[in-house]
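Have a look at coords_34.pdb; it's PDB, C-alpha atoms:
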ATOM      1  CA  MET Y   1      43.898   1.398 109.999  1.00  0.00           C
ATOM      2  CA  SER Y   2      40.505   0.754 111.610  1.00  0.00           C
ATOM      3  CA  GLU Y   3      41.570   0.516 115.247  1.00  0.00           C
ATOM      4  CA  SER Y   4      40.479   3.147 117.764  1.00  0.00           C
ATOM      5  CA  PHE Y   5      43.571   4.550 119.422  1.00  0.00           C
ATOM      6  CA  VAL Y   6      41.718   6.212 122.313  1.00  0.00           C
ATOM      7  CA  THR Y   7      42.492   3.375 124.732  1.00  0.00           C
ATOM      8  CA  VAL Y   8      46.253   3.511 124.101  1.00  0.00           C
ATOM      9  CA  THR Y   9      46.723   7.282 123.799  1.00  0.00           C
ATOM     10  CA  GLU Y  10      47.722   9.786 126.478  1.00  0.00           C
ATOM     11  CA  ALA Y  11      44.498  11.746 126.026  1.00  0.00           C
ATOM     12  CA  THR Y  12      43.407  14.917 127.783  1.00  0.00           C
ATOM     13  CA  GLY Y  13      42.003  14.193 131.234  1.00  0.00           C
ATOM     14  CA  CYS Y  14      43.407  10.688 131.686  1.00  0.00           C
ATOM     15  CA  ASN Y  15      45.320  10.042 134.889  1.00  0.00           C
ATOM     16  CA  VAL Y  16      49.070   9.959 134.344  1.00  0.00           C
ATOM     17  CA  SER Y  17      52.254  10.113 136.384  1.00  0.00           C
ATOM     18  CA  ARG Y  18      54.164  13.357 136.745  1.00  0.00           C
ATOM     19  CA  GLU Y  19      56.955  11.683 134.784  1.00  0.00           C
ATOM     20  CA  GLN Y  20      54.573  11.301 131.842  1.00  0.00           C
ATOM     21  CA  VAL Y  21      53.667  14.992 131.990  1.00  0.00           C
ATOM     22  CA  ALA Y  22      57.366  15.883 132.092  1.00  0.00           C
ATOM     23  CA  ARG Y  23      58.105  13.620 129.123  1.00  0.00           C
ATOM     24  CA  MET Y  24      55.337  15.221 127.085  1.00  0.00           C
ATOM     25  CA  TYR Y  25      56.400  18.744 128.033  1.00  0.00           C
ATOM     26  CA  THR Y  26      59.993  17.891 127.100  1.00  0.00           C
ATOM     27  CA  ARG Y  27      58.916  16.579 123.686  1.00  0.00           C
ATOM     28  CA  TYR Y  28      57.161  19.776 122.677  1.00  0.00           C
ATOM     29  CA  ARG Y  29      59.645  22.174 124.175  1.00  0.00           C
ATOM     30  CA  PHE Y  30      62.402  20.333 122.317  1.00  0.00           C
ATOM     31  CA  ALA Y  31      60.461  20.643 119.054  1.00  0.00           C
ATOM     32  CA  ALA Y  32      59.801  24.332 119.680  1.00  0.00           C
ATOM     33  CA  GLU Y  33      63.532  24.917 120.180  1.00  0.00           C
ATOM     34  CA  LEU Y  34      64.279  23.212 116.858  1.00  0.00           C
ATOM     35  CA  CYS Y  35      61.749  25.265 114.896  1.00  0.00           C
ATOM     36  CA  PRO Y  36      62.606  28.797 113.710  1.00  0.00           C
ATOM     37  CA  GLN Y  37      60.486  31.820 114.595  1.00  0.00           C
ATOM     38  CA  GLY Y  38      57.475  31.949 112.299  1.00  0.00           C
ATOM     39  CA  ALA Y  39      57.723  28.296 111.275  1.00  0.00           C
ATOM     40  CA  ARG Y  40      54.912  26.450 109.537  1.00  0.00           C
ATOM     41  CA  ILE Y  41      54.538  23.297 111.622  1.00  0.00           C
ATOM     42  CA  LEU Y  42      52.618  20.063 111.117  1.00  0.00           C
ATOM     43  CA  GLU Y  43      52.054  17.504 113.841  1.00  0.00           C
ATOM     44  CA  THR Y  44      50.929  14.161 112.490  1.00  0.00           C
ATOM     45  CA  ALA Y  45      49.091  11.756 114.814  1.00  0.00           C
ATOM     46  CA  CYS Y  46      48.438  14.698 117.145  1.00  0.00           C
ATOM     47  CA  GLY Y  47      46.012  12.837 119.426  1.00  0.00           C
ATOM     48  CA  SER Y  48      44.102  15.275 121.625  1.00  0.00           C
ATOM     49  CA  GLY Y  49      46.647  17.981 120.883  1.00  0.00           C
ATOM     50  CA  GLN Y  50      48.218  18.873 124.221  1.00  0.00           C
ATOM     51  CA  GLY Y  51      51.320  20.327 122.543  1.00  0.00           C
ATOM     52  CA  LEU Y  52      49.690  22.361 119.772  1.00  0.00           C
ATOM     53  CA  GLY Y  53      49.322  25.553 121.775  1.00  0.00           C
ATOM     54  CA  TYR Y  54      52.925  25.372 122.935  1.00  0.00           C
ATOM     55  CA  LEU Y  55      54.143  24.995 119.356  1.00  0.00           C
ATOM     56  CA  ALA Y  56      51.914  27.839 118.169  1.00  0.00           C
ATOM     57  CA  ARG Y  57      53.486  30.442 120.443  1.00  0.00           C
ATOM     58  CA  ASN Y  58      56.335  31.203 118.025  1.00  0.00           C
ATOM     59  CA  ALA Y  59      55.000  29.593 114.843  1.00  0.00           C
ATOM     60  CA  SER Y  60      53.142  31.299 112.031  1.00  0.00           C
ATOM     61  CA  SER Y  61      50.834  28.281 111.764  1.00  0.00           C
ATOM     62  CA  VAL Y  62      50.372  24.858 113.335  1.00  0.00           C
ATOM     63  CA  SER Y  63      48.476  22.185 111.427  1.00  0.00           C
ATOM     64  CA  ALA Y  64      47.526  18.942 113.136  1.00  0.00           C
ATOM     65  CA  ILE Y  65      46.101  15.703 111.808  1.00  0.00           C
ATOM     66  CA  ASP Y  66      45.031  12.392 113.299  1.00  0.00           C
ATOM     67  CA  ILE Y  67      42.943   9.490 112.053  1.00  0.00           C
ATOM     68  CA  ASP Y  68      40.880   9.189 115.260  1.00  0.00           C
ATOM     69  CA  ASP Y  69      37.834  11.485 115.394  1.00  0.00           C
ATOM     70  CA  THR Y  70      37.301  11.003 119.127  1.00  0.00           C
ATOM     71  CA  LEU Y  71      40.785  12.261 119.955  1.00  0.00           C
ATOM     72  CA  LEU Y  72      40.430  15.189 117.554  1.00  0.00           C
ATOM     73  CA  GLN Y  73      37.206  16.335 119.226  1.00  0.00           C
ATOM     74  CA  ALA Y  74      39.073  17.256 122.407  1.00  0.00           C
ATOM     75  CA  ALA Y  75      41.703  19.182 120.447  1.00  0.00           C
ATOM     76  CA  ARG Y  76      39.100  21.056 118.404  1.00  0.00           C
ATOM     77  CA  ARG Y  77      37.167  22.086 121.510  1.00  0.00           C
ATOM     78  CA  HIS Y  78      40.217  23.372 123.323  1.00  0.00           C
ATOM     79  CA  TYR Y  79      41.771  25.315 120.436  1.00  0.00           C
ATOM     80  CA  ALA Y  80      38.546  26.596 118.866  1.00  0.00           C
ATOM     81  CA  GLY Y  81      39.593  30.231 119.441  1.00  0.00           C
ATOM     82  CA  ASN Y  82      43.203  29.928 118.268  1.00  0.00           C
ATOM     83  CA  ALA Y  83      43.487  31.167 114.672  1.00  0.00           C
ATOM     84  CA  LYS Y  84      47.023  29.781 114.297  1.00  0.00           C
ATOM     85  CA  ILE Y  85      45.953  26.180 114.854  1.00  0.00           C
ATOM     86  CA  ARG Y  86      44.188  24.116 112.178  1.00  0.00           C
ATOM     87  CA  ILE Y  87      43.026  20.622 113.102  1.00  0.00           C
ATOM     88  CA  SER Y  88      41.701  18.043 110.654  1.00  0.00           C
ATOM     89  CA  LYS Y  89      41.327  14.327 110.150  1.00  0.00           C
ATOM     90  CA  GLY Y  90      44.165  12.983 108.052  1.00  0.00           C
ATOM     91  CA  ASP Y  91      46.443  10.059 107.273  1.00  0.00           C
ATOM     92  CA  ALA Y  92      50.188  10.237 107.897  1.00  0.00           C
ATOM     93  CA  HIS Y  93      50.767   8.231 104.721  1.00  0.00           C
ATOM     94  CA  ASN Y  94      49.065  10.834 102.511  1.00  0.00           C
ATOM     95  CA  LEU Y  95      49.719  14.278 103.957  1.00  0.00           C
ATOM     96  CA  PRO Y  96      47.159  16.811 102.655  1.00  0.00           C
ATOM     97  CA  PHE Y  97      49.719  19.564 101.992  1.00  0.00           C
ATOM     98  CA  GLU Y  98      51.430  21.065  98.972  1.00  0.00           C
ATOM     99  CA  ASN Y  99      55.044  20.323  98.100  1.00  0.00           C
ATOM    100  CA  GLU Y 100      57.587  22.323 100.144  1.00  0.00           C
ATOM    101  CA  SER Y 101      54.850  24.079 102.138  1.00  0.00           C
ATOM    102  CA  LEU Y 102      56.047  23.350 105.704  1.00  0.00           C
ATOM    103  CA  ASP Y 103      59.095  24.029 107.870  1.00  0.00           C
ATOM    104  CA  ALA Y 104      58.700  21.181 110.372  1.00  0.00           C
ATOM    105  CA  VAL Y 105      56.882  17.856 110.519  1.00  0.00           C
ATOM    106  CA  ILE Y 106      56.518  16.196 113.921  1.00  0.00           C
ATOM    107  CA  LEU Y 107      55.570  12.590 114.675  1.00  0.00           C
ATOM    108  CA  TYR Y 108      55.572  11.759 118.381  1.00  0.00           C
ATOM    109  CA  GLU Y 109      55.014   8.287 119.813  1.00  0.00           C
ATOM    110  CA  ALA Y 110      53.225   7.020 116.712  1.00  0.00           C
ATOM    111  CA  ILE Y 111      55.786   5.767 114.173  1.00  0.00           C
ATOM    112  CA  TYR Y 112      55.219   2.240 115.487  1.00  0.00           C
ATOM    113  CA  TYR Y 113      51.516   2.335 114.574  1.00  0.00           C
ATOM    114  CA  LEU Y 114      52.072   3.115 110.893  1.00  0.00           C
ATOM    115  CA  PRO Y 115      51.645   0.275 108.371  1.00  0.00           C
ATOM    116  CA  GLU Y 116      54.049   2.040 105.990  1.00  0.00           C
ATOM    117  CA  PRO Y 117      56.497   4.248 107.912  1.00  0.00           C
ATOM    118  CA  GLU Y 118      58.681   4.573 104.815  1.00  0.00           C
ATOM    119  CA  LYS Y 119      55.768   6.178 102.967  1.00  0.00           C
ATOM    120  CA  PHE Y 120      55.276   8.661 105.810  1.00  0.00           C
ATOM    121  CA  ALA Y 121      58.962   9.626 105.742  1.00  0.00           C
ATOM    122  CA  ALA Y 122      58.759  10.175 101.981  1.00  0.00           C
ATOM    123  CA  GLU Y 123      55.629  12.292 102.413  1.00  0.00           C
ATOM    124  CA  ALA Y 124      57.302  14.371 105.124  1.00  0.00           C
ATOM    125  CA  PHE Y 125      60.222  14.981 102.776  1.00  0.00           C
ATOM    126  CA  ARG Y 126      57.823  16.052 100.023  1.00  0.00           C
ATOM    127  CA  VAL Y 127      55.909  18.638 102.076  1.00  0.00           C
ATOM    128  CA  LEU Y 128      58.964  20.146 103.783  1.00  0.00           C
ATOM    129  CA  ALA Y 129      60.668  23.199 102.350  1.00  0.00           C
ATOM    130  CA  LYS Y 130      64.438  23.214 101.889  1.00  0.00           C
ATOM    131  CA  GLY Y 131      66.023  23.223 105.347  1.00  0.00           C
ATOM    132  CA  GLY Y 132      62.819  21.912 106.935  1.00  0.00           C
ATOM    133  CA  LYS Y 133      63.020  19.335 109.717  1.00  0.00           C
ATOM    134  CA  LEU Y 134      61.404  15.997 110.424  1.00  0.00           C
ATOM    135  CA  ILE Y 135      61.272  15.304 114.177  1.00  0.00           C
ATOM    136  CA  ILE Y 136      60.375  11.801 115.352  1.00  0.00           C
ATOM    137  CA  CYS Y 137      60.102  10.583 118.947  1.00  0.00           C
ATOM    138  CA  SER Y 138      59.547   6.982 119.993  1.00  0.00           C
ATOM    139  CA  ALA Y 139      59.758   4.614 122.922  1.00  0.00           C
ATOM    140  CA  ASN Y 140      63.140   2.892 122.986  1.00  0.00           C
ATOM    141  CA  ARG Y 141      62.679  -0.728 121.918  1.00  0.00           C
ATOM    142  CA  GLU Y 142      66.267  -1.607 122.885  1.00  0.00           C
ATOM    143  CA  LEU Y 143      65.469  -1.596 126.618  1.00  0.00           C
ATOM    144  CA  PRO Y 144      65.454  -5.060 128.225  1.00  0.00           C
ATOM    145  CA  ASP Y 145      62.038  -4.428 129.836  1.00  0.00           C
ATOM    146  CA  PHE Y 146      60.477  -2.872 126.716  1.00  0.00           C
ATOM    147  CA  ASN Y 147      56.684  -3.240 126.563  1.00  0.00           C
ATOM    148  CA  PRO Y 148      55.152  -2.786 123.084  1.00  0.00           C
ATOM    149  CA  SER Y 149      51.845  -0.968 122.749  1.00  0.00           C
ATOM    150  CA  PRO Y 150      48.716  -2.732 121.478  1.00  0.00           C
ATOM    151  CA  PHE Y 151      48.076  -2.011 117.767  1.00  0.00           C
ATOM    152  CA  SER Y 152      51.808  -1.394 117.263  1.00  0.00           C
ATOM    153  CA  ARG Y 153      53.336  -2.788 114.088  1.00  0.00           C
ATOM    154  CA  ARG Y 154      57.049  -2.070 114.221  1.00  0.00           C
ATOM    155  CA  TYR Y 155      59.313  -0.240 116.650  1.00  0.00           C
ATOM    156  CA  PHE Y 156      62.498   1.410 115.432  1.00  0.00           C
ATOM    157  CA  SER Y 157      65.807   1.689 117.254  1.00  0.00           C
ATOM    158  CA  ALA Y 158      67.603   5.032 117.114  1.00  0.00           C
ATOM    159  CA  GLY Y 159      69.862   3.714 114.370  1.00  0.00           C
ATOM    160  CA  GLU Y 160      66.889   2.420 112.389  1.00  0.00           C
ATOM    161  CA  LEU Y 161      65.146   5.803 112.615  1.00  0.00           C
ATOM    162  CA  SER Y 162      68.285   7.370 111.195  1.00  0.00           C
ATOM    163  CA  GLY Y 163      68.210   4.856 108.357  1.00  0.00           C
ATOM    164  CA  LEU Y 164      64.529   5.532 107.677  1.00  0.00           C
ATOM    165  CA  MET Y 165      65.205   9.251 107.345  1.00  0.00           C
ATOM    166  CA  SER Y 166      68.304   8.736 105.228  1.00  0.00           C
ATOM    167  CA  VAL Y 167      66.483   6.561 102.696  1.00  0.00           C
ATOM    168  CA  ALA Y 168      63.759   9.233 102.415  1.00  0.00           C
ATOM    169  CA  GLY Y 169      66.406  11.815 101.492  1.00  0.00           C
ATOM    170  CA  PHE Y 170      67.078  13.592 104.776  1.00  0.00           C
ATOM    171  CA  SER Y 171      70.589  14.638 105.770  1.00  0.00           C
ATOM    172  CA  GLY Y 172      72.304  15.971 108.885  1.00  0.00           C
ATOM    173  CA  ILE Y 173      70.427  13.402 110.955  1.00  0.00           C
ATOM    174  CA  SER Y 174      70.853  13.732 114.723  1.00  0.00           C
ATOM    175  CA  LEU Y 175      69.856  11.195 117.391  1.00  0.00           C
ATOM    176  CA  TYR Y 176      68.951  11.983 120.998  1.00  0.00           C
ATOM    177  CA  GLY Y 177      68.031  10.115 124.174  1.00  0.00           C
ATOM    178  CA  ASN Y 178      65.674  11.277 126.898  1.00  0.00           C
ATOM    179  CA  CYS Y 179      64.419  10.072 130.268  1.00  0.00           C
ATOM    180  CA  LEU Y 180      67.298   8.145 131.788  1.00  0.00           C
ATOM    181  CA  VAL Y 181      66.707   4.595 132.944  1.00  0.00           C
ATOM    182  CA  ASP Y 182      66.712   4.350 136.748  1.00  0.00           C
ATOM    183  CA  SER Y 183      69.929   2.487 137.607  1.00  0.00           C
ATOM    184  CA  SER Y 184      69.296   2.425 141.368  1.00  0.00           C
ATOM    185  CA  ALA Y 185      68.599  -0.835 143.199  1.00  0.00           C
ATOM    186  CA  LYS Y 186      64.877  -0.018 143.267  1.00  0.00           C
ATOM    187  CA  GLY Y 187      64.925   0.812 139.567  1.00  0.00           C
ATOM    188  CA  LYS Y 188      66.622  -2.470 138.687  1.00  0.00           C
ATOM    189  CA  ILE Y 189      64.077  -4.450 140.706  1.00  0.00           C
ATOM    190  CA  LEU Y 190      61.153  -2.652 139.051  1.00  0.00           C
ATOM    191  CA  SER Y 191      62.719  -3.249 135.635  1.00  0.00           C
ATOM    192  CA  LEU Y 192      63.042  -6.976 136.361  1.00  0.00           C
ATOM    193  CA  VAL Y 193      59.419  -7.152 137.538  1.00  0.00           C
ATOM    194  CA  LYS Y 194      58.253  -5.325 134.400  1.00  0.00           C
ATOM    195  CA  LYS Y 195      60.361  -7.546 132.124  1.00  0.00           C
ATOM    196  CA  THR Y 196      58.855 -10.642 133.745  1.00  0.00           C
ATOM    197  CA  ALA Y 197      55.311  -9.276 133.451  1.00  0.00           C
ATOM    198  CA  VAL Y 198      55.854  -8.410 129.783  1.00  0.00           C
ATOM    199  CA  SER Y 199      57.247 -11.868 128.993  1.00  0.00           C
ATOM    200  CA  MET Y 200      54.238 -13.505 130.688  1.00  0.00           C
ATOM    201  CA  GLY Y 201      51.697 -11.250 128.973  1.00  0.00           C
ATOM    202  CA  LEU Y 202      50.533  -9.752 132.260  1.00  0.00           C
ATOM    203  CA  MET Y 203      50.893  -6.057 131.399  1.00  0.00           C
ATOM    204  CA  PRO Y 204      47.582  -4.178 131.002  1.00  0.00           C
ATOM    205  CA  LYS Y 205      46.833  -3.173 127.406  1.00  0.00           C
ATOM    206  CA  THR Y 206      45.060   0.152 127.971  1.00  0.00           C
ATOM    207  CA  MET Y 207      45.987   3.456 129.598  1.00  0.00           C
ATOM    208  CA  ARG Y 208      43.227   2.992 132.165  1.00  0.00           C
ATOM    209  CA  GLY Y 209      44.415  -0.509 132.943  1.00  0.00           C
ATOM    210  CA  LYS Y 210      47.933   0.773 133.592  1.00  0.00           C
ATOM    211  CA  GLU Y 211      46.794   3.387 136.117  1.00  0.00           C
ATOM    212  CA  TRP Y 212      46.983   1.064 139.113  1.00  0.00           C
ATOM    213  CA  ILE Y 213      50.576   0.109 138.237  1.00  0.00           C
ATOM    214  CA  LYS Y 214      51.524   3.776 137.955  1.00  0.00           C
ATOM    215  CA  ARG Y 215      49.986   4.498 141.356  1.00  0.00           C
ATOM    216  CA  VAL Y 216      52.136   1.792 142.934  1.00  0.00           C
ATOM    217  CA  VAL Y 217      55.350   2.865 141.172  1.00  0.00           C
ATOM    218  CA  PHE Y 218      54.959   6.648 141.004  1.00  0.00           C
ATOM    219  CA  GLY Y 219      52.455   7.434 143.757  1.00  0.00           C
ATOM    220  CA  GLY Y 220      49.713   9.971 143.088  1.00  0.00           C
ATOM    221  CA  LEU Y 221      48.596  10.569 139.525  1.00  0.00           C
ATOM    222  CA  VAL Y 222      47.458  13.823 137.920  1.00  0.00           C
ATOM    223  CA  PRO Y 223      44.981  14.526 135.093  1.00  0.00           C
ATOM    224  CA  LEU Y 224      46.741  15.196 131.791  1.00  0.00           C
ATOM    225  CA  PRO Y 225      46.088  18.860 130.931  1.00  0.00           C
ATOM    226  CA  ALA Y 226      44.516  19.965 127.657  1.00  0.00           C
ATOM    227  CA  GLU Y 227      47.488  22.211 126.898  1.00  0.00           C
ATOM    228  CA  LEU Y 228      51.125  22.172 127.976  1.00  0.00           C
ATOM    229  CA  LYS Y 229      52.631  25.314 129.458  1.00  0.00           C
ATOM    230  CA  ASP Y 230      56.011  26.340 130.829  1.00  0.00           C
ATOM    231  CA  GLY Y 231      56.390  25.658 134.538  1.00  0.00           C
ATOM    232  CA  MET Y 232      54.083  22.663 134.765  1.00  0.00           C
ATOM    233  CA  ALA Y 233      56.992  20.206 134.528  1.00  0.00           C
ATOM    234  CA  GLN Y 234      60.776  20.151 134.510  1.00  0.00           C
ATOM    235  CA  TYR Y 235      62.488  20.272 131.122  1.00  0.00           C
ATOM    236  CA  ASP Y 236      64.807  17.307 130.641  1.00  0.00           C
ATOM    237  CA  LYS Y 237      66.615  18.316 127.460  1.00  0.00           C
ATOM    238  CA  PRO Y 238      67.280  15.324 125.175  1.00  0.00           C
ATOM    239  CA  GLN Y 239      70.955  14.402 125.014  1.00  0.00           C
ATOM    240  CA  PRO Y 240      72.867  13.566 121.809  1.00  0.00           C
ATOM    241  CA  LEU Y 241      73.494   9.891 121.093  1.00  0.00           C
ATOM    242  CA  SER Y 242      76.658   8.745 119.349  1.00  0.00           C
ATOM    243  CA  GLY Y 243      76.528   6.049 116.708  1.00  0.00           C
ATOM    244  CA  PRO Y 244      73.649   3.752 115.732  1.00  0.00           C
ATOM    245  CA  GLY Y 245      73.600   1.928 119.076  1.00  0.00           C
ATOM    246  CA  PRO Y 246      72.376  -0.137 120.697  1.00  0.00           C
ATOM    247  CA  HIS Y 247      71.309   2.567 123.157  1.00  0.00           C
ATOM    248  CA  THR Y 248      69.977   1.312 126.483  1.00  0.00           C
ATOM    249  CA  ARG Y 249      70.360   4.278 128.862  1.00  0.00           C
ATOM    250  CA  HIS Y 250      67.247   6.211 127.830  1.00  0.00           C
ATOM    251  CA  LYS Y 251      63.566   5.306 127.746  1.00  0.00           C
ATOM    252  CA  VAL Y 252      62.818   7.665 124.861  1.00  0.00           C
ATOM    253  CA  ILE Y 253      64.657   8.322 121.596  1.00  0.00           C
ATOM    254  CA  PHE Y 254      64.491  11.204 119.117  1.00  0.00           C
ATOM    255  CA  ALA Y 255      65.630  11.477 115.517  1.00  0.00           C
ATOM    256  CA  VAL Y 256      65.872  14.819 113.704  1.00  0.00           C
ATOM    257  CA  GLY Y 257      66.549  15.030 109.986  1.00  0.00           C
ATOM    258  CA  GLN Y 258      66.821  18.034 107.672  1.00  0.00           C
ATOM    259  CA  LYS Y 259      65.767  18.373 104.050  1.00  0.00           C
ATOM    260  CA  PRO Y 260      68.822  19.479 102.056  1.00  0.00           C
TER     261      PRO Y 260
END
As structure tokens, please, write out the structure in this file.
Amino acid sequence: MSESFVTVTEATGCNVSREQVARMYTRYRFAAELCPQGARILETACGSGQGLGYLARNASSVSAIDIDDTLLQAARRHYAGNAKIRISKGDAHNLPFENESLDAVILYEAIYYLPEPEKFAAEAFRVLAKGGKLIICSANRELPDFNPSPFSRRYFSAGELSGLMSVAGFSGISLYGNCLVDSSAKGKILSLVKKTAVSMGLMPKTMRGKEWIKRVVFGGLVPLPAELKDGMAQYDKPQPLSGPGPHTRHKVIFAVGQKP
């Protein structure tokens, strides 16, 4: 993959809505709750690493990899003094870790960029110890106003994520939804406008290009912090989903699988 993902990544310092901050905080708090005390954690496609410090609080180690050097620079600068956190350039398809050496592998908002997601799932299974967890989060492609990201290759539904994990060997797979779709009259109008804009190819392709839309919809924006901390946003705990779907009530989906 030769693309630079800086323009499509929620990077440190970019202007985002408070909802985006809350979504990100929820993702990492949810992962922290799923990981045991003293866990050895890997985040693949870590971007500029806003959640690494949060994960490290109760972990014995947090490793983080990404293929984009520019994004990694921000993470390295911020966590330079944290001995628990190790950041390196790496490919999700070829994880640079020994067999059964990790307790959790996290992939947030990146599964749709991978040319070979099945290979990543197999690699995650390989590096996880018995009982270890693979935690994947993705935008929900089953929404009627879904807007795919530039550089994306394939989006998975909740049911398809479950299937991906199952084929790789994971068991006890659980699905969750997060960030409820706004069903108010205003929400329905905004959804229709977005759906129309997406169908006509009018949606901006970069994070910076989307800022003006966010200002109109959400009001004031805030800079995305370098590190997430408790209290900076409300925790919206992901809710269990039943069956493979379709699921259209949540903007975000999670899949959690365990290595037997």
Polymer residues at most 10 Å from region 131-134 of chain Y, all atoms listed in the file, same-chain spacing of 5 or more positions, as a PyMOL selection string: chain Y and resi 31+34-36+39-42+100-107+121+124-125+165+170-173+255-260
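Between CA of Ala22 (chain Y) and CA of Gly220 (chain Y) there is a distance of 14.6 Å.
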Spatial sel., origin (47.3, 23.8, 116.0), limit 9 Å, only C-alpha atoms, listed as a list in words: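 All residues meeting the 9 Å criterion around (47.3, 23.8, 116.0) are Ile41, Leu42, Glu43, Gly49, Gly51, Leu52, Gly53, Leu55, Ala56, Ser61, Val62, Ser63, Ala64, Ala75, Arg76, Tyr79, Asn82, Ala83, Lys84, Ile85, Arg86 and Ile87 of chain Y.
When the PyMOL selection byres ((chain Y and resi 231) around 12) is evaluated against the file, it yields Y:Val21, Y:Ala22, Y:Tyr25, Y:Thr26, Y:Arg29, Y:Leu228, Y:Lys229, Y:Asp230, Y:Met232, Y:Ala233, Y:Gln234, Y:Tyr235.
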For CA of Tyr113 (chain Y) and CA of Arg154 (chain Y), the interatomic separation in Å (one decimal):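 Interatomic distance here is 7.1 Å.
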Ground truth for the PyMOL selection byres ((chain Y and resi 120) around 12), written as a PyMOL selection string: chain Y and resi 44-45+91-96+105-107+110-119+121-127+134+136+164-165+167-168
I need the residues from that last selection saved to file as a compact mmCIF listing (two decimals), keeping the file's coordinate frame (with C-alpha atoms), if you can.
# COMPACT_ATOMS: atom_id res chain seq x y z
CA THR Y 44 50.93 14.16 112.49
CA ALA Y 45 49.09 11.76 114.81
CA ASP Y 91 46.44 10.06 107.27
CA ALA Y 92 50.19 10.24 107.90
CA HIS Y 93 50.77 8.23 104.72
CA ASN Y 94 49.06 10.83 102.51
CA LEU Y 95 49.72 14.28 103.96
CA PRO Y 96 47.16 16.81 102.66
CA VAL Y 105 56.88 17.86 110.52
CA ILE Y 106 56.52 16.20 113.92
CA LEU Y 107 55.57 12.59 114.68
CA ALA Y 110 53.22 7.02 116.71
CA ILE Y 111 55.79 5.77 114.17
CA TYR Y 112 55.22 2.24 115.49
CA TYR Y 113 51.52 2.34 114.57
CA LEU Y 114 52.07 3.12 110.89
CA PRO Y 115 51.64 0.28 108.37
CA GLU Y 116 54.05 2.04 105.99
CA PRO Y 117 56.50 4.25 107.91
CA GLU Y 118 58.68 4.57 104.82
CA LYS Y 119 55.77 6.18 102.97
CA ALA Y 121 58.96 9.63 105.74
CA ALA Y 122 58.76 10.18 101.98
CA GLU Y 123 55.63 12.29 102.41
CA ALA Y 124 57.30 14.37 105.12
CA PHE Y 125 60.22 14.98 102.78
CA ARG Y 126 57.82 16.05 100.02
CA VAL Y 127 55.91 18.64 102.08
CA LEU Y 134 61.40 16.00 110.42
CA ILE Y 136 60.38 11.80 115.35
CA LEU Y 164 64.53 5.53 107.68
CA MET Y 165 65.20 9.25 107.34
CA VAL Y 167 66.48 6.56 102.70
CA ALA Y 168 63.76 9.23 102.42
Result set of the PyMOL selection byres ((chain Y and resi 221) around 6) on the coordinates above, as a list in words: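 Listing what the PyMOL selection byres ((chain Y and resi 221) around 6) selects in the shown file: Asn15, Val16, Ser17, Gly220 and Val222 of chain Y.
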With all atoms of region 125-139 of chain Y from the file as input, state the centre and edge lengths in Å to one decimal of the axis-aligned box that has 4 Å extra on each side, as AutoDock Vina command-line options.
--center_x 61.0 --center_y 13.9 --center_z 111.5 --size_x 18.1 --size_y 26.6 --size_z 30.9
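Relative to CA of Glu227 (chain Y), CA of Tyr54 (chain Y) is found at 7.4 Å.
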Minimum-distance residue to Arg77 (chain Y), chosen among Y:Val181, Y:Ser138, Y:Ala226, Y:Gly90 (using all atoms listed in the file): Y:Ala226
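Of the residues under consideration (Y:Val8, Y:Ile253, Y:Cys179, Y:Cys14), Y:Ile253 shows the shortest atom-to-atom contact distance to Ala139 (chain Y) when counting only C-alpha atoms.
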